[in-house]
file model27.cif (mmCIF, C-alpha atoms)
data_coords
loop_
_atom_site.label_atom_id
_atom_site.label_comp_id
_atom_site.auth_asym_id
_atom_site.auth_seq_id
_atom_site.Cartn_x
_atom_site.Cartn_y
_atom_site.Cartn_z
CA MET A 1 41.06 -16.42 27.96
CA THR A 2 41.13 -14.38 24.73
CA TRP A 3 37.77 -13.02 23.71
CA ARG A 4 36.49 -14.43 20.41
CA PRO A 5 34.31 -12.28 18.10
CA TYR A 6 30.84 -13.70 17.52
CA TYR A 7 31.06 -13.34 13.76
CA GLN A 8 34.44 -13.76 12.04
CA GLY A 9 33.52 -14.07 8.38
CA ASN A 10 35.49 -17.30 7.92
CA GLY A 11 32.64 -19.79 7.80
CA GLU A 12 33.40 -21.14 11.28
CA ARG A 13 30.18 -21.74 13.23
CA TYR A 14 29.75 -20.14 16.64
CA GLU A 15 27.69 -22.21 19.07
CA GLY A 16 28.04 -20.05 22.17
CA GLU A 17 25.62 -17.57 23.73
CA LEU A 18 24.87 -14.43 21.72
CA PRO A 19 25.18 -11.07 23.49
CA ALA A 20 22.27 -9.58 25.39
CA PRO A 21 21.00 -6.24 24.00
CA PRO A 22 21.84 -2.99 25.80
CA SER A 23 19.66 -2.31 28.80
CA TRP A 24 17.82 0.58 27.08
CA ARG A 25 16.87 -1.48 24.01
CA PHE A 26 13.32 -2.87 24.35
CA ALA A 27 13.11 -1.50 27.89
CA PRO A 28 9.54 -1.15 29.22
CA PRO A 29 8.18 2.41 29.41
CA GLU A 30 8.58 2.66 33.18
CA VAL A 31 12.30 1.89 32.88
CA SER A 32 12.78 4.50 30.14
CA ALA A 33 10.90 7.03 32.26
CA GLU A 34 12.98 6.37 35.36
CA ARG A 35 16.24 6.75 33.40
CA PHE A 36 15.21 9.92 31.59
CA ARG A 37 17.13 13.01 32.64
CA PRO A 38 15.19 16.13 31.56
CA PRO A 39 17.05 19.30 30.63
CA ASP A 40 16.76 22.45 32.74
CA LYS A 41 13.40 24.22 32.60
CA LEU A 42 11.63 21.38 30.78
CA ALA A 43 9.54 20.67 33.90
CA GLU A 44 8.29 24.27 33.85
CA ALA A 45 7.13 23.90 30.25
CA VAL A 46 5.44 20.57 31.02
CA ASN A 47 3.57 22.00 34.00
CA ALA A 48 2.54 25.08 32.01
CA ALA A 49 1.11 22.89 29.23
CA LEU A 50 -0.66 20.73 31.82
CA CYS A 51 -2.26 23.66 33.65
CA LEU A 52 -3.32 25.39 30.41
CA ARG A 53 -4.44 22.15 28.72
CA ARG A 54 -2.36 23.09 25.71
CA PRO A 55 -0.15 20.87 23.54
CA LEU A 56 3.56 20.88 24.31
CA LEU A 57 5.58 21.42 21.12
CA LEU A 58 9.14 20.17 21.52
CA THR A 59 11.74 21.14 18.93
CA GLY A 60 15.37 20.17 18.73
CA ALA A 61 17.88 17.97 17.00
CA PRO A 62 17.23 14.24 16.59
CA GLY A 63 18.28 12.21 19.60
CA THR A 64 17.77 14.92 22.23
CA GLY A 65 15.02 12.93 23.98
CA LYS A 66 11.92 14.68 22.65
CA SER A 67 9.81 11.52 22.31
CA THR A 68 10.94 10.24 25.70
CA VAL A 69 9.41 13.30 27.36
CA ALA A 70 5.94 11.86 26.66
CA THR A 71 6.90 8.56 28.31
CA SER A 72 8.36 10.33 31.33
CA VAL A 73 5.33 12.60 31.85
CA ALA A 74 2.84 9.77 31.35
CA TYR A 75 4.70 7.65 33.91
CA GLU A 76 5.02 10.34 36.58
CA LEU A 77 1.43 11.61 36.19
CA ASN A 78 -0.12 8.14 35.83
CA LEU A 79 -1.67 8.87 32.43
CA GLY A 80 -1.57 5.30 31.17
CA GLU A 81 0.14 3.95 28.08
CA VAL A 82 1.30 6.58 25.61
CA LEU A 83 -0.87 6.79 22.48
CA GLU A 84 1.51 7.33 19.56
CA TRP A 85 0.77 9.05 16.26
CA HIS A 86 3.84 8.87 14.01
CA ILE A 87 3.55 11.51 11.30
CA THR A 88 4.44 11.07 7.64
CA SER A 89 3.70 13.22 4.60
CA ARG A 90 0.57 11.07 4.05
CA SER A 91 -0.86 11.47 7.56
CA THR A 92 -4.34 12.97 7.78
CA LEU A 93 -6.44 14.23 10.65
CA THR A 94 -9.21 11.75 9.86
CA ASP A 95 -6.86 8.77 10.18
CA ALA A 96 -5.78 10.02 13.60
CA LEU A 97 -9.41 10.39 14.70
CA TYR A 98 -10.99 7.19 13.38
CA ARG A 99 -10.87 4.58 10.63
CA TYR A 100 -13.91 3.05 8.99
CA ASP A 101 -13.56 -0.15 6.97
CA ALA A 102 -16.52 0.27 4.59
CA LEU A 103 -15.32 -2.46 2.24
CA GLY A 104 -14.90 -4.91 5.10
CA ARG A 105 -18.42 -4.24 6.27
CA LEU A 106 -19.81 -4.68 2.76
CA ASP A 107 -17.93 -7.96 2.36
CA ALA A 108 -19.24 -9.23 5.71
CA SER A 109 -22.78 -8.40 4.64
CA ARG A 110 -22.36 -10.27 1.34
CA HIS A 111 -21.15 -13.35 3.19
CA HIS A 112 -23.98 -13.15 5.76
CA GLU A 113 -21.53 -12.45 8.56
CA PRO A 114 -22.19 -10.01 11.43
CA HIS A 115 -21.77 -6.52 10.01
CA ASP A 116 -22.59 -4.28 12.95
CA ILE A 117 -20.95 -0.96 12.17
CA GLY A 118 -18.94 -0.91 15.40
CA ARG A 119 -16.94 -3.95 14.27
CA PHE A 120 -15.56 -1.89 11.38
CA LEU A 121 -14.80 1.32 13.22
CA GLN A 122 -11.61 1.93 15.16
CA LEU A 123 -10.65 5.16 16.82
CA GLY A 124 -7.17 6.41 15.94
CA PRO A 125 -4.61 7.58 18.52
CA LEU A 126 -6.05 11.12 18.68
CA GLY A 127 -9.63 9.84 18.70
CA THR A 128 -8.84 7.44 21.54
CA ALA A 129 -7.14 10.23 23.52
CA LEU A 130 -10.31 12.32 23.16
CA MET A 131 -12.63 9.71 24.64
CA ASP A 132 -14.31 10.41 27.97
CA TRP A 133 -11.51 9.27 30.29
CA LYS A 134 -11.52 10.08 33.99
CA ARG A 135 -7.85 11.01 33.78
CA PRO A 136 -6.15 12.61 30.75
CA ARG A 137 -4.44 10.31 28.27
CA MET A 138 -0.99 11.02 26.86
CA LEU A 139 -0.78 11.48 23.09
CA LEU A 140 2.59 11.68 21.32
CA VAL A 141 2.44 13.34 17.89
CA ASP A 142 5.89 12.42 16.66
CA GLU A 143 7.72 14.49 14.00
CA ILE A 144 4.83 16.76 13.07
CA ASP A 145 7.20 18.73 10.84
CA LYS A 146 7.05 15.81 8.39
CA SER A 147 3.32 16.35 7.83
CA ASP A 148 1.49 17.77 4.86
CA ILE A 149 1.46 21.56 5.04
CA ASP A 150 -2.25 21.68 5.99
CA LEU A 151 -2.24 19.18 8.85
CA PRO A 152 -1.24 21.57 11.69
CA SER A 153 -4.07 23.91 10.67
CA ASP A 154 -6.50 20.99 10.42
CA LEU A 155 -5.70 20.14 14.03
CA LEU A 156 -6.71 23.55 15.37
CA ASN A 157 -10.45 22.95 15.71
CA VAL A 158 -9.98 19.62 17.49
CA ILE A 159 -7.38 21.14 19.82
CA GLU A 160 -9.75 23.98 20.67
CA THR A 161 -12.94 21.98 21.19
CA GLY A 162 -11.70 18.60 22.37
CA GLU A 163 -14.38 16.84 20.33
CA PHE A 164 -15.14 15.54 16.86
CA GLU A 165 -17.91 13.90 14.85
CA ILE A 166 -17.99 10.51 13.13
CA PRO A 167 -20.33 11.03 10.14
CA GLU A 168 -20.87 7.29 9.65
CA LEU A 169 -22.37 7.14 13.16
CA THR A 170 -24.39 10.35 13.09
CA ARG A 171 -26.33 8.84 10.17
CA HIS A 172 -26.63 5.47 11.90
CA ALA A 173 -29.95 4.31 13.36
CA GLU A 174 -28.41 3.24 16.69
CA LYS A 175 -27.58 6.12 19.04
CA GLU A 176 -24.98 4.13 21.01
CA VAL A 177 -22.28 2.15 19.21
CA GLN A 178 -19.36 0.23 20.66
CA VAL A 179 -16.15 1.06 18.76
CA ARG A 180 -12.65 -0.30 19.07
CA LEU A 181 -9.92 1.83 20.64
CA TRP A 182 -6.36 2.38 19.45
CA GLY A 183 -3.61 0.18 20.81
CA GLY A 184 -5.74 -2.75 21.95
CA ASP A 185 -7.45 -0.82 24.77
CA GLY A 186 -10.74 -2.63 24.17
CA THR A 187 -13.96 -0.84 23.20
CA ARG A 188 -15.88 2.22 24.33
CA THR A 189 -19.35 3.60 23.59
CA VAL A 190 -19.79 6.49 21.17
CA ARG A 191 -23.13 8.28 21.60
CA ASN A 192 -24.91 10.16 18.83
CA GLY A 193 -21.86 9.91 16.63
CA ARG A 194 -19.77 12.37 18.67
CA VAL A 195 -16.64 11.90 20.73
CA LYS A 196 -16.04 14.54 23.42
CA CYS A 197 -13.25 14.37 25.95
CA GLY A 198 -13.93 14.45 29.67
CA GLU A 199 -10.34 15.42 30.47
CA PHE A 200 -8.38 17.06 27.65
CA PRO A 201 -5.41 14.82 26.78
CA PHE A 202 -1.82 15.81 27.40
CA ILE A 203 -0.44 16.21 23.87
CA VAL A 204 3.29 16.21 23.20
CA MET A 205 4.29 17.13 19.64
CA THR A 206 7.86 16.78 18.43
CA SER A 207 9.62 18.55 15.58
CA ASN A 208 13.14 18.30 14.21
CA GLY A 209 12.87 21.85 12.88
CA GLU A 210 12.53 20.84 9.24
CA ARG A 211 9.74 23.39 8.63
CA SER A 212 7.92 26.30 10.21
CA PHE A 213 4.33 26.33 11.48
CA PRO A 214 1.56 28.92 11.06
CA PRO A 215 1.18 31.44 13.93
CA PRO A 216 -2.39 30.30 14.83
CA PHE A 217 -1.02 26.81 15.44
CA LEU A 218 1.97 28.03 17.46
CA ARG A 219 -0.29 30.29 19.53
CA ARG A 220 -2.13 27.24 20.82
CA CYS A 221 1.03 25.42 21.89
CA VAL A 222 3.51 25.73 24.73
CA ARG A 223 6.87 25.62 22.95
CA PHE A 224 10.16 24.31 24.32
CA GLU A 225 13.50 23.93 22.55
CA MET A 226 15.36 20.80 23.64
CA PRO A 227 19.00 21.86 24.08
CA ASP A 228 22.03 19.91 22.98
CA PRO A 229 23.32 18.10 26.06
CA ASP A 230 26.42 19.41 27.82
CA ALA A 231 29.07 17.35 29.60
CA ARG A 232 27.16 17.35 32.90
CA SER A 233 23.89 16.17 31.40
CA LEU A 234 25.68 13.63 29.21
CA ALA A 235 27.37 12.16 32.28
CA ALA A 236 23.99 11.94 34.03
CA ILE A 237 22.44 10.15 31.03
CA VAL A 238 25.34 7.72 30.75
CA GLY A 239 25.29 7.07 34.48
CA ALA A 240 21.55 6.34 34.40
CA HIS A 241 21.91 3.80 31.58
CA LEU A 242 25.38 2.33 32.07
CA GLY A 243 26.20 3.00 35.71
CA GLU A 244 28.33 5.67 37.36
CA ASP A 245 31.54 3.65 36.96
CA ASN A 246 31.24 3.60 33.18
CA ALA A 247 30.40 7.31 33.14
CA GLU A 248 33.66 7.97 35.00
CA ARG A 249 35.65 5.73 32.62
CA ALA A 250 34.14 7.47 29.58
CA LYS A 251 35.02 11.06 30.50
CA SER A 252 37.31 11.64 27.51
CA LEU A 253 34.69 10.35 25.09
CA LEU A 254 32.04 12.55 26.73
CA VAL A 255 34.24 15.62 26.34
CA ASP A 256 34.91 14.80 22.69
CA PHE A 257 31.20 14.22 22.05
CA GLU A 258 30.29 17.58 23.60
CA SER A 259 32.92 19.41 21.56
CA ARG A 260 31.56 17.88 18.35
CA LEU A 261 28.06 19.06 19.29
CA LYS A 262 29.43 22.57 19.81
CA ARG A 263 30.89 22.41 16.29
CA ARG A 264 27.27 21.81 15.16
CA GLU A 265 27.87 18.23 14.11
CA SER A 266 24.63 16.25 14.03
CA LEU A 267 24.92 13.55 16.69
CA ALA A 268 22.34 11.78 18.86
CA THR A 269 22.75 10.77 22.48
CA ASP A 270 21.87 7.15 21.72
CA GLN A 271 24.90 7.03 19.40
CA LEU A 272 27.03 7.88 22.42
CA LEU A 273 25.32 5.21 24.52
CA ASN A 274 25.83 2.62 21.78
CA ALA A 275 29.53 3.43 21.52
CA LEU A 276 30.04 3.36 25.28
CA HIS A 277 28.18 0.08 25.62
CA LEU A 278 30.69 -1.54 23.26
CA VAL A 279 33.95 0.16 24.19
CA THR A 280 33.50 -0.27 27.94
CA GLY A 281 32.74 -3.99 27.64
CA GLU A 282 34.56 -7.06 26.40
CA PHE A 283 33.53 -6.37 22.81
CA ALA A 284 36.51 -4.02 22.28
CA PRO A 285 39.53 -5.60 24.00
CA ASP A 286 42.20 -3.20 22.65
CA ASP A 287 42.65 0.52 22.00
CA ASP A 288 42.77 0.20 18.22
CA GLN A 289 39.45 -1.62 18.09
CA ARG A 290 37.86 0.86 20.48
CA ALA A 291 38.97 3.73 18.25
CA ARG A 292 37.51 2.03 15.16
CA LEU A 293 34.20 1.39 16.90
CA ILE A 294 33.95 4.99 18.09
CA LYS A 295 34.55 6.19 14.53
CA LEU A 296 31.96 3.70 13.22
CA LEU A 297 29.20 4.57 15.68
CA LEU A 298 29.70 8.32 16.15
CA ARG A 299 29.32 9.36 12.54
CA ASP A 300 27.73 12.72 11.80
CA LEU A 301 24.03 12.14 11.02
CA SER A 302 24.01 14.87 8.39
CA THR A 303 26.42 12.91 6.18
CA THR A 304 25.56 9.96 3.97
#
call {"tool": "encode", "arguments": {"input": "model27.cif", "output": "structure tokens"}}
result
Amino acid sequence: MTWRPYYQGNGERYEGELPAPPSWRFAPPEVSAERFRPPDKLAEAVNAALCLRRPLLLTGAPGTGKSTVATSVAYELNLGEVLEWHITSRSTLTDALYRYDALGRLDASRHHEPHDIGRFLQLGPLGTALMDWKRPRMLLVDEIDKSDIDLPSDLLNVIETGEFEIPELTRHAEKEVQVRLWGGDGTRTVRNGRVKCGEFPFIVMTSNGERSFPPPFLRRCVRFEMPDPDARSLAAIVGAHLGEDNAERAKSLLVDFESRLKRRESLATDQLLNALHLVTGEFAPDDDQRARLIKLLLRDLSTT
């Protein structure tokens, strides 16, 4: 039977089943961790950062798996769900530590509703990571190179001491206050307005190399450059996500992808996975359509 496209652009309704997403889309963290194939020497950098209790700063091109490292480490070391801090030019250290809704508390008071200060305080991803956990938490600081120029320097004191103060609580009459944690982890008690970690969190920071960082900041990090994948590592990644048979069938595309990386074209590994998912399935029944899809999905990311 001839395969029929789902959408044809002719107004004819399609009542059949829609395609399932690729296996790596919306996959739970444990699946992503099991399929991750780290580059050579990454494990050494991870273990060095762990033993020294220093942040791991990962640099490299987009799509080289920098963010997935945090998921993989958290899974293997049983560090719980990854706490994620996605950096923009507006990100501040205070927002990552805690957020206080003063207006919400004032409004609750005006309406004679409960206005205990803890209801209006939530620790941010960094603040939650610095709570007194029995086992370190994993914090992903994603794309720190997109931050305001002062943010890396602002982080230094917290990285060194593993603690911070919440001024709204140090002035509060109650010495113990229940505050909400980031990511729906419930509540924990903050005493005397200070948060101090029991086990320093494992911090993974990622950078696409869009800016440089001050030496005092770099000195406090273990740095690792994520390499562009070669044919062997690409085959391992494809095999983990699509099966060894598809990796074998896609050899020519893998070789072409590697050669484009060597020419310094900006390409991400998930582009390759997307293309292979379509061209090795029923979606592309003929050579011409496969060629068009490869051209569509493997476009250089540095071009508009």
call {"tool": "residues_around", "arguments": {"input": "model27.cif", "residues": "A:Leu50", "least_positions_apart": "4", "cutoff": "8 Å", "atoms": "all atoms listed in the file", "output": "JSON, numbers by chain"}}
result
{"A": [46, 54, 202]}
call {"tool": "resolve_selection", "arguments": {"input": "model27.cif", "expression": "the PyMOL selection byres ((chain A and resi 88-97) around 9)", "output": "PDB file with C-alpha atoms, keeping the file's coordinate frame"}}
result
ATOM      1  CA  TRP A  85       0.770   9.050  16.260  1.00  0.00           C
ATOM      2  CA  HIS A  86       3.840   8.870  14.010  1.00  0.00           C
ATOM      3  CA  ILE A  87       3.550  11.510  11.300  1.00  0.00           C
ATOM      4  CA  TYR A  98     -10.990   7.190  13.380  1.00  0.00           C
ATOM      5  CA  ARG A  99     -10.870   4.580  10.630  1.00  0.00           C
ATOM      6  CA  GLN A 122     -11.610   1.930  15.160  1.00  0.00           C
ATOM      7  CA  LEU A 123     -10.650   5.160  16.820  1.00  0.00           C
ATOM      8  CA  GLY A 124      -7.170   6.410  15.940  1.00  0.00           C
ATOM      9  CA  PRO A 125      -4.610   7.580  18.520  1.00  0.00           C
ATOM     10  CA  LEU A 126      -6.050  11.120  18.680  1.00  0.00           C
ATOM     11  CA  GLY A 127      -9.630   9.840  18.700  1.00  0.00           C
ATOM     12  CA  THR A 128      -8.840   7.440  21.540  1.00  0.00           C
ATOM     13  CA  LEU A 130     -10.310  12.320  23.160  1.00  0.00           C
ATOM     14  CA  GLU A 143       7.720  14.490  14.000  1.00  0.00           C
ATOM     15  CA  ILE A 144       4.830  16.760  13.070  1.00  0.00           C
ATOM     16  CA  ASP A 145       7.200  18.730  10.840  1.00  0.00           C
ATOM     17  CA  LYS A 146       7.050  15.810   8.390  1.00  0.00           C
ATOM     18  CA  SER A 147       3.320  16.350   7.830  1.00  0.00           C
ATOM     19  CA  ASP A 148       1.490  17.770   4.860  1.00  0.00           C
ATOM     20  CA  ILE A 149       1.460  21.560   5.040  1.00  0.00           C
ATOM     21  CA  LEU A 151      -2.240  19.180   8.850  1.00  0.00           C
ATOM     22  CA  ASP A 154      -6.500  20.990  10.420  1.00  0.00           C
ATOM     23  CA  LEU A 155      -5.700  20.140  14.030  1.00  0.00           C
ATOM     24  CA  PHE A 164     -15.140  15.540  16.860  1.00  0.00           C
ATOM     25  CA  ILE A 166     -17.990  10.510  13.130  1.00  0.00           C
TER      26      ILE A 166
END
call {"tool": "resolve_selection", "arguments": {"input": "model27.cif", "expression": "the PyMOL selection byres ((chain A and resi 10-27) around 10)", "output": "ChimeraX atom specification"}}
result
/A:4-9,28-33,35,241-242,270,273-274,277-278,283
call {"tool": "closest_residue", "arguments": {"input": "model27.cif", "among": "A:Leu140, A:Ile203, A:Leu234, A:Leu181", "to": "A:Gly162", "atoms": "only C-alpha atoms"}}
result
A:Ile203
call {"tool": "closest_residue", "arguments": {"input": "model27.cif", "among": "A:Arg37, A:His112, A:Arg264, A:Lys295", "to": "A:Ala61", "atoms": "all atoms listed in the file"}}
result
A:Arg264
call {"tool": "residues_around", "arguments": {"input": "model27.cif", "residues": "A:Arg135", "least_positions_apart": "4", "cutoff": "12 Å", "atoms": "all atoms listed in the file", "output": "list of chain:residue names"}}
result
A:Ala74, A:Leu77, A:Asn78, A:Leu79, A:Gly80, A:Ala129, A:Leu130, A:Met131, A:Cys197, A:Gly198, A:Glu199, A:Phe200, A:Pro201, A:Phe202
call {"tool": "closest_residue", "arguments": {"input": "model27.cif", "among": "A:Ala235, A:Leu52, A:Leu254, A:Leu301", "to": "A:Ser266", "atoms": "all atoms listed in the file"}}
result
A:Leu301
call {"tool": "resolve_selection", "arguments": {"input": "model27.cif", "expression": "the PyMOL selection byres ((chain A and resi 82) around 6)", "output": "tab-separated table (two decimals) with C-alpha atoms, keeping the file's coordinate frame"}}
result
chain	number	residue	atom	x	y	z
A	81	GLU	CA	0.14	3.95	28.08
A	83	LEU	CA	-0.87	6.79	22.48
A	138	MET	CA	-0.99	11.02	26.86
A	139	LEU	CA	-0.78	11.48	23.09
call {"tool": "closest_residue", "arguments": {"input": "model27.cif", "among": "A:Ser153, A:Val69, A:Glu174, A:Lys251", "to": "A:Pro215", "atoms": "only C-alpha atoms"}}
result
A:Ser153
